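Accompanying notes for the structure given below.
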Amino acid sequence: MFKIGCHLSAAEGFIPMAKQAIEIGANTFQFFTRNPRGFKAKKIDENDVKEFLKIVKENNFYKILAHAPYTLNPCSADKQVRQTAKALFVDDLKRMEYIPENMYNFHPGSHVGQGMETGIKIIAETLNEVLKKEQTTTVLLETMSGKGSEVGGKFEELKKIIDLVELKDKIGVCLDTCHIYDGGYDIVNDLDGVIKLFDGIVGLDKLKAVHLNDTKNPFSSHKDRHEKIGEGFLGLEAVCRIINHPKLKDLPFFLETPNEIDGYAQEIKILKKLYK
Ligand code: FE
Ligand code: FE
Ligand code: ZN
């Protein structure tokens, strides 16, 4: 089964997202747990959640993916910022248990001059404080483009974080196709090689989701600007190879392309035709 979805607005709650996903031919989706800038979270409405769980079950949805605010920096040099990040993680993971067995993705952060090794250590420490044995959510580190002092632009950095995390079964990786191409992994000309490299460093068993985006910038530009499917430097042929690669094809793919809902519907239609 092709597991495909896109980023949806959580403003109206869970039921509208599920309905919207069904309308556009998706069987999963991604959403922000809270306002990605202001950090404000909507109160969980238990009726909304209950009905939502029914809809996803009836419609055979795959695990959905929550995305932490991208302005959150768990490895900031500023203690206040780090504490905010930790508090938000705790709250988000508590909220995720209303919709058990799903996934929660976050950007590892930027070490802002403290050095990569320190950044990695702080992120792992934070994870060790917030991950709980009894949680059902898998937390995913997103592969980044390596802009500025971003942690997670190299597979080795993600591996080092995972190595330091105690509850390893609670942690995985979300691979963003725009980010890794920007980050210097050539998934256009050597997809096989990149997948082998990932497997050798992190391990494919840790790969739980793919952010499927084209990129506005050429190879290894460390920019992180998403483009519509087939309209960027990856191109439709490379995207087709990605969704059909034997090591990737069973993973869920989430579009984060610059689109309104109609554009997402269109891309999902195209991708379904390309999926073998
Ligand atoms: Fe992201
Ligand atoms: Fe992403
Ligand atoms: Zn991005």
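All residue names refer to the structure tokens as shown: chains lettered A, B, ... in order, residues numbered from 1 in each chain, ligands numbered from 1 in order.
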Closest-contact table, segment 155-234 of chain A side, partner segment 61-83 of chain A, 12 Å, counting only C-alpha atoms, as a tab-separated table:
```
residue	atom	partner	partner_atom	distance
A:Ile161	CA	A:Cys75	CA	11.8
A:Val173	CA	A:Leu65	CA	11.9
A:Cys174	CA	A:Leu65	CA	9.8
A:Lys208	CA	A:Lys63	CA	10.1
A:Ala209	CA	A:Leu65	CA	8.5
A:Val210	CA	A:Leu65	CA	10.3
A:His211	CA	A:Leu65	CA	10.2
```
Protein and nucleic acid residues within 10 Å of ligand 1 (only C-alpha atoms and all ligand atoms) as a PDB file with C-alpha atoms, in the first residue's frame:
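Saved as result.pdb:
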```pdb
ATOM      1  CA  PHE A  32       1.954  21.091  13.567  1.00  0.00           C
ATOM      2  CA  HIS A  67       5.727  18.122  13.610  1.00  0.00           C
ATOM      3  CA  ALA A  68       7.182  20.147  16.479  1.00  0.00           C
ATOM      4  CA  PRO A  69       7.467  23.920  15.944  1.00  0.00           C
ATOM      5  CA  TYR A  70      10.521  24.506  13.772  1.00  0.00           C
ATOM      6  CA  ASN A 105       9.101  14.763  14.200  1.00  0.00           C
ATOM      7  CA  PHE A 106      11.440  17.574  15.222  1.00  0.00           C
ATOM      8  CA  HIS A 107      14.425  19.525  13.899  1.00  0.00           C
ATOM      9  CA  PRO A 108      17.392  18.607  16.099  1.00  0.00           C
ATOM     10  CA  LEU A 141      14.919  13.336  14.207  1.00  0.00           C
ATOM     11  CA  GLU A 142      14.630  15.110  10.849  1.00  0.00           C
ATOM     12  CA  THR A 143      17.558  15.122   8.437  1.00  0.00           C
ATOM     13  CA  MET A 144      18.514  18.768   7.901  1.00  0.00           C
ATOM     14  CA  CYS A 174      12.518  11.230   9.153  1.00  0.00           C
ATOM     15  CA  LEU A 175      14.364  11.729   5.905  1.00  0.00           C
ATOM     16  CA  ASP A 176      13.589  14.989   4.090  1.00  0.00           C
ATOM     17  CA  HIS A 179      17.113  18.723   2.973  1.00  0.00           C
ATOM     18  CA  HIS A 211       9.337  14.185   3.812  1.00  0.00           C
ATOM     19  CA  ASP A 224      16.376  24.421   2.666  1.00  0.00           C
ATOM     20  CA  GLU A 256       5.675  19.642   2.504  1.00  0.00           C
TER      21      GLU A 256
END
```
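Considering the residues A:Glu267, A:Glu227, A:Glu117, A:Glu260 and counting only C-alpha atoms and all ligand atoms, ligand 3 has its shortest atom-to-atom contact with A:Glu227.
Using only C-alpha atoms and all ligand atoms, the nearest neighbour of ligand 3 within the list A:Leu212, A:Leu164, A:Leu127, A:Val202 is A:Leu212.
Counting from atom CA of Glu51 of chain A, the distance to atom CA of Gly13 of chain A is 11.0 Å.
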Quiz item: Where does DSSP see alpha helix (DSSP H) in segment 55-107 of chain A, if you list the residues as a list of chain:residue names?
Solution: A:Ile55, A:Val56, A:Lys57, A:Glu58, A:Lys79, A:Gln80, A:Val81, A:Arg82, A:Gln83, A:Thr84, A:Ala85, A:Lys86, A:Ala87, A:Leu88, A:Phe89, A:Val90, A:Asp91, A:Asp92, A:Leu93, A:Lys94, A:Arg95, A:Met96
Those residues you just picked out, can you put them in a file as a compact mmCIF listing (two decimals), in the first residue's frame with N, CA and C atoms?
```txt
# COMPACT_ATOMS: atom_id res chain seq x y z
N ILE A 55 -12.49 7.59 12.53
CA ILE A 55 -12.34 7.85 11.08
C ILE A 55 -11.07 7.22 10.53
N VAL A 56 -9.96 7.39 11.24
CA VAL A 56 -8.69 6.86 10.71
C VAL A 56 -8.70 5.34 10.68
N LYS A 57 -9.39 4.75 11.65
CA LYS A 57 -9.48 3.29 11.67
C LYS A 57 -10.34 2.79 10.51
N GLU A 58 -11.49 3.39 10.36
CA GLU A 58 -12.42 2.98 9.29
C GLU A 58 -11.80 3.15 7.91
N LYS A 79 19.89 29.16 28.02
CA LYS A 79 19.23 28.19 28.90
C LYS A 79 17.71 28.30 28.83
N GLN A 80 17.22 29.53 28.78
CA GLN A 80 15.78 29.78 28.71
C GLN A 80 15.16 29.11 27.48
N VAL A 81 15.84 29.28 26.34
CA VAL A 81 15.35 28.69 25.08
C VAL A 81 15.35 27.16 25.17
N ARG A 82 16.40 26.61 25.77
CA ARG A 82 16.48 25.15 25.93
C ARG A 82 15.35 24.64 26.82
N GLN A 83 15.07 25.40 27.89
CA GLN A 83 14.02 24.96 28.80
C GLN A 83 12.65 25.04 28.15
N THR A 84 12.44 26.07 27.34
CA THR A 84 11.18 26.18 26.60
C THR A 84 11.02 24.96 25.70
N ALA A 85 12.08 24.61 24.99
CA ALA A 85 12.04 23.47 24.08
C ALA A 85 11.66 22.20 24.84
N LYS A 86 12.29 22.02 25.98
CA LYS A 86 12.03 20.81 26.76
C LYS A 86 10.58 20.77 27.26
N ALA A 87 10.11 21.90 27.74
CA ALA A 87 8.73 21.96 28.25
C ALA A 87 7.74 21.66 27.12
N LEU A 88 8.03 22.17 25.92
CA LEU A 88 7.14 21.93 24.80
C LEU A 88 7.17 20.45 24.38
N PHE A 89 8.33 19.85 24.41
CA PHE A 89 8.45 18.42 24.10
C PHE A 89 7.57 17.61 25.06
N VAL A 90 7.73 17.91 26.35
CA VAL A 90 6.97 17.18 27.37
C VAL A 90 5.48 17.32 27.11
N ASP A 91 5.05 18.56 26.87
CA ASP A 91 3.62 18.81 26.64
C ASP A 91 3.15 18.13 25.35
N ASP A 92 3.94 18.26 24.28
CA ASP A 92 3.56 17.65 23.00
C ASP A 92 3.45 16.13 23.13
N LEU A 93 4.40 15.52 23.81
CA LEU A 93 4.38 14.06 23.93
C LEU A 93 3.21 13.59 24.79
N LYS A 94 2.84 14.42 25.76
CA LYS A 94 1.66 14.11 26.57
C LYS A 94 0.42 14.18 25.68
N ARG A 95 0.34 15.20 24.85
CA ARG A 95 -0.81 15.37 23.96
C ARG A 95 -0.87 14.26 22.91
N MET A 96 0.29 13.82 22.47
CA MET A 96 0.33 12.75 21.45
C MET A 96 -0.32 11.46 21.95
```
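Secondary structure from DSSP on the backbone puts strand (DSSP E or B) at the following positions of segment 6-81 of chain A: A:Cys6, A:His7, A:Leu8, A:Gln30, A:Phe31, A:Phe32, A:Leu65, A:Ala66, A:His67.
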